[in-house]
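Okay, data.cif now, which holds mmCIF, C-alpha atoms:
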```cif
data_run
#
loop_
_atom_site.group_PDB
_atom_site.id
_atom_site.type_symbol
_atom_site.label_atom_id
_atom_site.label_comp_id
_atom_site.auth_asym_id
_atom_site.auth_seq_id
_atom_site.Cartn_x
_atom_site.Cartn_y
_atom_site.Cartn_z
ATOM 1 C CA MET A 100 133.184 -144.747 -76.534
ATOM 2 C CA THR A 101 131.684 -145.457 -73.128
ATOM 3 C CA GLY A 102 135.133 -145.894 -71.579
ATOM 4 C CA GLN A 103 136.232 -142.503 -72.944
ATOM 5 C CA LYS A 104 133.161 -140.805 -71.439
ATOM 6 C CA VAL A 105 133.916 -142.368 -68.041
ATOM 7 C CA LEU A 106 137.546 -141.236 -68.273
ATOM 8 C CA ILE A 107 136.499 -137.692 -69.228
ATOM 9 C CA ALA A 108 133.974 -137.585 -66.373
ATOM 10 C CA ALA A 109 136.660 -138.806 -63.916
ATOM 11 C CA VAL A 110 139.122 -136.130 -65.076
ATOM 12 C CA ILE A 111 136.460 -133.418 -64.749
ATOM 13 C CA ALA A 112 135.559 -134.655 -61.247
ATOM 14 C CA LEU A 113 139.254 -134.631 -60.277
ATOM 15 C CA ILE A 114 139.613 -131.048 -61.524
ATOM 16 C CA ILE A 115 136.539 -129.968 -59.549
ATOM 17 C CA VAL A 116 137.873 -131.602 -56.368
ATOM 18 C CA ALA A 117 141.299 -130.004 -56.843
ATOM 19 C CA ALA A 118 139.713 -126.581 -57.427
ATOM 20 C CA GLY A 119 137.618 -126.993 -54.267
ATOM 21 C CA ILE A 120 140.712 -127.849 -52.227
ATOM 22 C CA MET A 121 142.568 -124.850 -53.633
ATOM 23 C CA LEU A 122 139.658 -122.541 -52.792
ATOM 24 C CA ALA A 123 139.386 -123.906 -49.274
ATOM 25 C CA PHE A 124 143.062 -124.014 -48.370
ATOM 26 C CA GLY A 125 144.898 -121.889 -50.895
ATOM 27 C CA PRO A 126 145.698 -118.175 -50.875
ATOM 28 C CA GLY A 127 142.629 -116.099 -50.125
ATOM 29 C CA ALA A 128 141.062 -118.847 -48.036
ATOM 30 C CA THR A 129 139.113 -117.729 -45.020
ATOM 31 C CA GLY A 130 140.843 -117.642 -41.691
ATOM 32 C CA PRO A 131 143.546 -115.464 -40.262
ATOM 33 C CA ALA A 132 146.631 -114.686 -42.274
ATOM 34 C CA PRO A 133 149.898 -115.579 -40.542
ATOM 35 C CA ALA A 134 150.505 -111.952 -39.493
ATOM 36 C CA GLU A 135 146.940 -111.364 -38.229
ATOM 37 C CA SER A 136 146.076 -111.590 -34.576
ATOM 38 C CA VAL A 137 143.074 -113.609 -33.508
ATOM 39 C CA PRO A 138 141.089 -112.441 -30.488
ATOM 40 C CA VAL A 139 141.285 -114.911 -27.625
ATOM 41 C CA LYS A 140 138.280 -115.685 -25.466
ATOM 42 C CA LYS A 141 138.788 -114.107 -22.045
ATOM 43 C CA VAL A 142 139.116 -116.762 -19.376
ATOM 44 C CA PRO A 143 137.716 -115.497 -16.080
ATOM 45 C CA THR A 144 139.600 -116.140 -12.876
ATOM 46 C CA GLN A 145 138.181 -118.290 -10.109
ATOM 47 C CA ASP A 146 137.467 -115.146 -8.065
ATOM 48 C CA GLU A 147 135.573 -113.591 -10.995
ATOM 49 C CA MET A 148 133.560 -116.792 -11.413
ATOM 50 C CA ARG A 149 132.748 -116.972 -7.688
ATOM 51 C CA ALA A 150 131.567 -113.353 -7.779
ATOM 52 C CA LEU A 151 129.449 -113.904 -10.891
ATOM 53 C CA VAL A 152 127.763 -117.042 -9.617
ATOM 54 C CA ALA A 153 127.156 -115.428 -6.190
ATOM 55 C CA GLU A 154 125.515 -112.469 -7.937
ATOM 56 C CA ILE A 155 123.237 -114.809 -9.884
ATOM 57 C CA ALA A 156 122.316 -116.820 -6.781
ATOM 58 C CA GLY A 157 121.576 -113.633 -4.863
ATOM 59 C CA GLN A 158 118.896 -112.693 -7.375
ATOM 60 C CA ILE A 159 116.966 -115.964 -7.096
ATOM 61 C CA ASP A 160 114.020 -116.115 -4.687
ATOM 62 C CA GLY A 161 115.056 -119.093 -2.549
ATOM 63 C CA ASP A 162 111.598 -119.655 -1.071
ATOM 64 C CA ALA A 163 109.982 -119.780 -4.528
ATOM 65 C CA PHE A 164 112.828 -122.005 -5.736
ATOM 66 C CA ALA A 165 112.410 -124.448 -2.817
ATOM 67 C CA ALA A 166 108.672 -124.750 -3.483
ATOM 68 C CA LEU A 167 109.109 -125.863 -7.120
ATOM 69 C CA ARG A 168 108.142 -129.465 -7.862
ATOM 70 C CA PRO A 169 108.127 -131.599 -11.034
ATOM 71 C CA GLY A 170 105.489 -130.265 -13.387
ATOM 72 C CA ASP A 171 105.889 -126.636 -12.251
ATOM 73 C CA GLU A 172 107.819 -125.644 -15.384
ATOM 74 C CA ASN A 173 104.990 -123.334 -16.520
ATOM 75 C CA THR A 174 104.450 -121.526 -13.210
ATOM 76 C CA THR A 175 105.335 -117.864 -12.737
ATOM 77 C CA ALA A 176 107.970 -118.791 -10.108
ATOM 78 C CA TYR A 177 109.735 -121.146 -12.523
ATOM 79 C CA ILE A 178 109.503 -118.705 -15.433
ATOM 80 C CA ALA A 179 110.897 -115.850 -13.299
ATOM 81 C CA ILE A 180 113.974 -117.895 -12.339
ATOM 82 C CA HIS A 181 114.351 -119.265 -15.885
ATOM 83 C CA ASP A 182 114.224 -115.740 -17.345
ATOM 84 C CA ARG A 183 116.751 -114.477 -14.761
ATOM 85 C CA LEU A 184 119.196 -117.264 -15.701
ATOM 86 C CA ASN A 185 118.811 -116.511 -19.397
ATOM 87 C CA ALA A 186 119.327 -112.779 -18.755
ATOM 88 C CA PHE A 187 122.653 -113.553 -17.066
ATOM 89 C CA ARG A 188 123.679 -115.829 -19.919
ATOM 90 C CA SER A 189 122.798 -113.107 -22.445
ATOM 91 C CA ALA A 190 124.796 -110.527 -20.483
ATOM 92 C CA ASN A 191 127.751 -112.942 -20.180
ATOM 93 C CA PRO A 192 128.148 -114.691 -23.548
ATOM 94 C CA GLU A 193 131.038 -116.770 -22.227
ATOM 95 C CA ILE A 194 128.494 -118.759 -20.168
ATOM 96 C CA SER A 195 127.604 -121.905 -22.058
ATOM 97 C CA TYR A 196 125.234 -123.480 -19.509
ATOM 98 C CA ILE A 197 123.455 -122.144 -16.425
ATOM 99 C CA TYR A 198 121.125 -124.114 -14.172
ATOM 100 C CA THR A 199 119.916 -124.703 -10.614
ATOM 101 C CA MET A 200 120.021 -127.907 -8.591
ATOM 102 C CA ARG A 201 119.161 -129.176 -5.131
ATOM 103 C CA LYS A 202 120.194 -132.165 -3.037
ATOM 104 C CA VAL A 203 117.614 -134.840 -2.387
ATOM 105 C CA ASP A 204 119.139 -137.533 -0.156
ATOM 106 C CA ASP A 205 122.081 -138.974 -2.131
ATOM 107 C CA THR A 206 121.116 -137.401 -5.434
ATOM 108 C CA VAL A 207 121.019 -133.972 -6.995
ATOM 109 C CA GLU A 208 118.110 -132.933 -9.141
ATOM 110 C CA TYR A 209 117.824 -130.157 -11.641
ATOM 111 C CA VAL A 210 115.222 -127.574 -10.762
ATOM 112 C CA VAL A 211 115.422 -124.665 -13.204
ATOM 113 C CA ASP A 212 117.468 -125.269 -16.332
ATOM 114 C CA ALA A 213 117.971 -122.235 -18.567
ATOM 115 C CA ASP A 214 117.851 -124.599 -21.550
ATOM 116 C CA TYR A 215 114.450 -126.027 -20.569
ATOM 117 C CA GLY A 216 112.211 -125.992 -23.612
ATOM 118 C CA SER A 217 115.042 -126.953 -25.956
ATOM 119 C CA GLU A 218 116.160 -130.483 -26.784
ATOM 120 C CA ASP A 219 119.064 -130.131 -24.325
ATOM 121 C CA GLY A 220 117.076 -128.781 -21.383
ATOM 122 C CA VAL A 221 115.926 -130.872 -18.447
ATOM 123 C CA ALA A 222 112.732 -130.684 -16.422
ATOM 124 C CA ILE A 223 112.425 -130.379 -12.656
ATOM 125 C CA GLY A 224 113.392 -133.617 -10.939
ATOM 126 C CA ASN A 225 115.871 -134.979 -13.485
ATOM 127 C CA GLY A 226 119.215 -135.613 -11.857
ATOM 128 C CA TYR A 227 121.829 -138.126 -10.852
ATOM 129 C CA ALA A 228 123.423 -139.843 -7.881
ATOM 130 C CA LEU A 229 126.182 -137.932 -6.115
ATOM 131 C CA THR A 230 129.715 -139.260 -6.395
ATOM 132 C CA ASP A 231 133.017 -138.450 -4.725
ATOM 133 C CA LEU A 232 133.837 -136.368 -7.806
ATOM 134 C CA ASP A 233 131.081 -133.883 -6.930
ATOM 135 C CA ALA A 234 133.160 -132.069 -4.298
ATOM 136 C CA GLY A 235 132.931 -128.696 -6.083
ATOM 137 C CA LEU A 236 129.226 -129.008 -6.599
ATOM 138 C CA LEU A 237 128.682 -129.939 -2.946
ATOM 139 C CA ALA A 238 130.898 -127.061 -1.793
ATOM 140 C CA GLY A 239 128.580 -124.746 -3.732
ATOM 141 C CA TYR A 240 125.847 -125.375 -1.175
ATOM 142 C CA GLU A 241 127.985 -123.657 1.456
ATOM 143 C CA GLY A 242 129.418 -120.742 -0.522
ATOM 144 C CA PRO A 243 130.551 -119.672 -3.974
ATOM 145 C CA THR A 244 133.129 -121.992 -5.462
ATOM 146 C CA ALA A 245 134.778 -122.435 -8.854
ATOM 147 C CA GLU A 246 136.799 -125.193 -10.484
ATOM 148 C CA ILE A 247 138.910 -124.868 -13.600
ATOM 149 C CA TYR A 248 139.568 -127.873 -15.787
ATOM 150 C CA SER A 249 139.100 -127.751 -19.547
ATOM 151 C CA ILE A 250 135.691 -126.348 -18.555
ATOM 152 C CA ILE A 251 135.171 -123.814 -15.760
ATOM 153 C CA TYR A 252 132.425 -124.754 -13.311
ATOM 154 C CA ALA A 253 131.131 -122.391 -10.637
ATOM 155 C CA TYR A 254 128.454 -122.883 -8.001
ATOM 156 C CA ALA A 255 126.822 -120.741 -5.319
ATOM 157 C CA PRO A 256 124.087 -121.410 -2.785
ATOM 158 C CA ILE A 257 120.523 -120.248 -3.269
ATOM 159 C CA MET A 258 119.302 -119.028 0.108
ATOM 160 C CA ASN A 259 115.763 -118.895 1.457
ATOM 161 C CA ALA A 260 114.371 -116.106 3.677
ATOM 162 C CA THR A 261 115.855 -117.680 6.823
ATOM 163 C CA GLY A 262 119.351 -117.810 5.289
ATOM 164 C CA SER A 263 119.400 -121.569 4.723
ATOM 165 C CA SER A 264 120.818 -123.031 1.530
ATOM 166 C CA VAL A 265 117.987 -124.616 -0.487
ATOM 167 C CA GLY A 266 119.980 -125.389 -3.635
ATOM 168 C CA ILE A 267 122.669 -124.070 -5.928
ATOM 169 C CA VAL A 268 123.024 -122.177 -9.136
ATOM 170 C CA GLY A 269 125.660 -123.624 -11.444
ATOM 171 C CA VAL A 270 127.494 -122.057 -14.359
ATOM 172 C CA ASP A 271 129.621 -123.811 -16.968
ATOM 173 C CA MET A 272 131.894 -121.668 -19.100
ATOM 174 C CA GLY A 273 132.460 -124.187 -21.866
ATOM 175 C CA PHE A 274 135.848 -125.300 -23.082
ATOM 176 C CA VAL A 275 138.603 -122.838 -22.343
ATOM 177 C CA HIS A 276 142.268 -122.721 -23.071
ATOM 178 C CA ARG A 277 144.673 -121.251 -20.566
ATOM 179 C CA PRO A 278 147.940 -119.968 -22.039
#
```

Structure re-expressed in structure tokens:
Amino acid sequence: MTGQKVLIAAVIALIIVAAGIMLAFGPGATGPAPAESVPVKKVPTQDEMRALVAEIAGQIDGDAFAALRPGDENTTAYIAIHDRLNAFRSANPEISYIYTMRKVDDTVEYVVDADYGSEDGVAIGNGYALTDLDAGLLAGYEGPTAEIYSIIYAYAPIMNATGSSVGIVGVDMGFVHRP
């Protein structure tokens, strides 16, 4: 009798699994039908990215930015820049990550990270050593630049009152597919 109960339970489990597969992949399953069109995420051009990142950088107070030090994450200067970055990300939902950085000798350090306060955000002073692969990032200290790989990166200089570059704002557009 015990063997029959196991066999019945196995058959019932197999039926449940088969029904689940049919619901997930059979007719009426979610997802576009073959004749439906699926909206494609707009991929900005390099010129559009340069313009966007330059606009963001132009709205950051470079003198306040340059004065930020580790531990200043709760100051009004930090919060103002943080809120500005998040406002741009909200207005441009294709932006997946937006942040500011500055060069310190042979390293770059994050200053204001729009994700600060979340598990993915970094505090002032976190960073990494520069490599030869950072050409786009380094070019961002001189003027707006954009690179397109599987992710679009764009950088623009943050200027102080005297017109000197004190850091960069960086934007990542997430994974994109170009037709």

Closest atom pairs, region 203-254 of chain A residues within 7 Å of region 171-181 of chain A, only C-alpha atoms, as a Markdown table:
```
| residue | atom | partner | partner_atom | distance |
| --- | --- | --- | --- | --- |
| A:Val211 | CA | A:His181 | CA | 6.1 |
| A:Asp212 | CA | A:His181 | CA | 6.8 |
| A:Ala213 | CA | A:His181 | CA | 5.4 |
```

Those selected residues, please, written with C-alpha atoms and delivered as a compact mmCIF listing (two decimals), keeping the file's coordinate frame.
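Output contents, as saved in part-v8.txt:
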```txt
# COMPACT_ATOMS: atom_id res chain seq x y z
CA VAL A 211 115.42 -124.66 -13.20
CA ASP A 212 117.47 -125.27 -16.33
CA ALA A 213 117.97 -122.24 -18.57
```

- Would you list the residues near (121.9, -134.7, -2.5), meaning any protein, DNA or RNA residue with an atom at most 10 Å from that point in file coordinates, counting only C-alpha atoms, as number ranges by chain? A: 200-208, 226-230, 237, 266

- Item | CA of Met148 (chain A) to CA of Asn191 (chain A), straight-line distance in Å |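 Computing it gives 11.2 Å between the two atoms.
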
- Task: Return the single residue from A:Gly273, A:Pro256, A:Ser189, A:Thr261 that is closest to Asp162 (chain A), with distances computed using only C-alpha atoms.
- Result: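 Using only C-alpha atoms, Asp162 (chain A) sits closest to A:Thr261.
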
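Distance annotation: of A:Ala222, A:Met272, A:Val210, A:Ala150, the residue with the minimal separation from Ala163 (chain A) is A:Val210; atom set is all atoms listed in the file.
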
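CA of Ala245 (chain A) sits 21.4 Å away from CA of Gly262 (chain A).
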
- Message: As a check of understanding, name the residues that the PyMOL selection byres ((chain A and resi 187) around 10) selects in the supplied structure, as number ranges by chain.
- Response: A: 151-152, 154-155, 182-186, 188-192, 194, 197, 213

- Note on the structure: As a check of understanding: the span from CA of Val265 (chain A) to CA of Thr144 (chain A) is 26.3 Å

- Task: May I ask which of the residues A:Glu193, A:Thr199, A:Glu147, A:Leu232 is the closest one to Gly269 (chain A), counting all atoms listed in the file?
- Result: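 That would be A:Thr199, the residue with the smallest distance to Gly269 (chain A).
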
- Message: Calculated over only C-alpha atoms, which of the candidates A:Asn225, A:Ser264, A:Ser217, A:Gln158 has the smallest distance to Gly242 (chain A)?
- Response: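 The answer is A:Ser264, which sits nearest to Gly242 (chain A).
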
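Using only C-alpha atoms, the smallest distance between any of A:Ala253, A:Leu167, A:Ala234, A:Val221 and Val268 (chain A) comes from A:Ala253.
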
- Query: Which residue gives the smallest distance to Gly224 (chain A) among A:Glu241, A:Gly170, A:Gly161, A:Gln145, with only C-alpha atoms counted?
  - Reply: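 Closest to Gly224 (chain A) of all the choices is A:Gly170.
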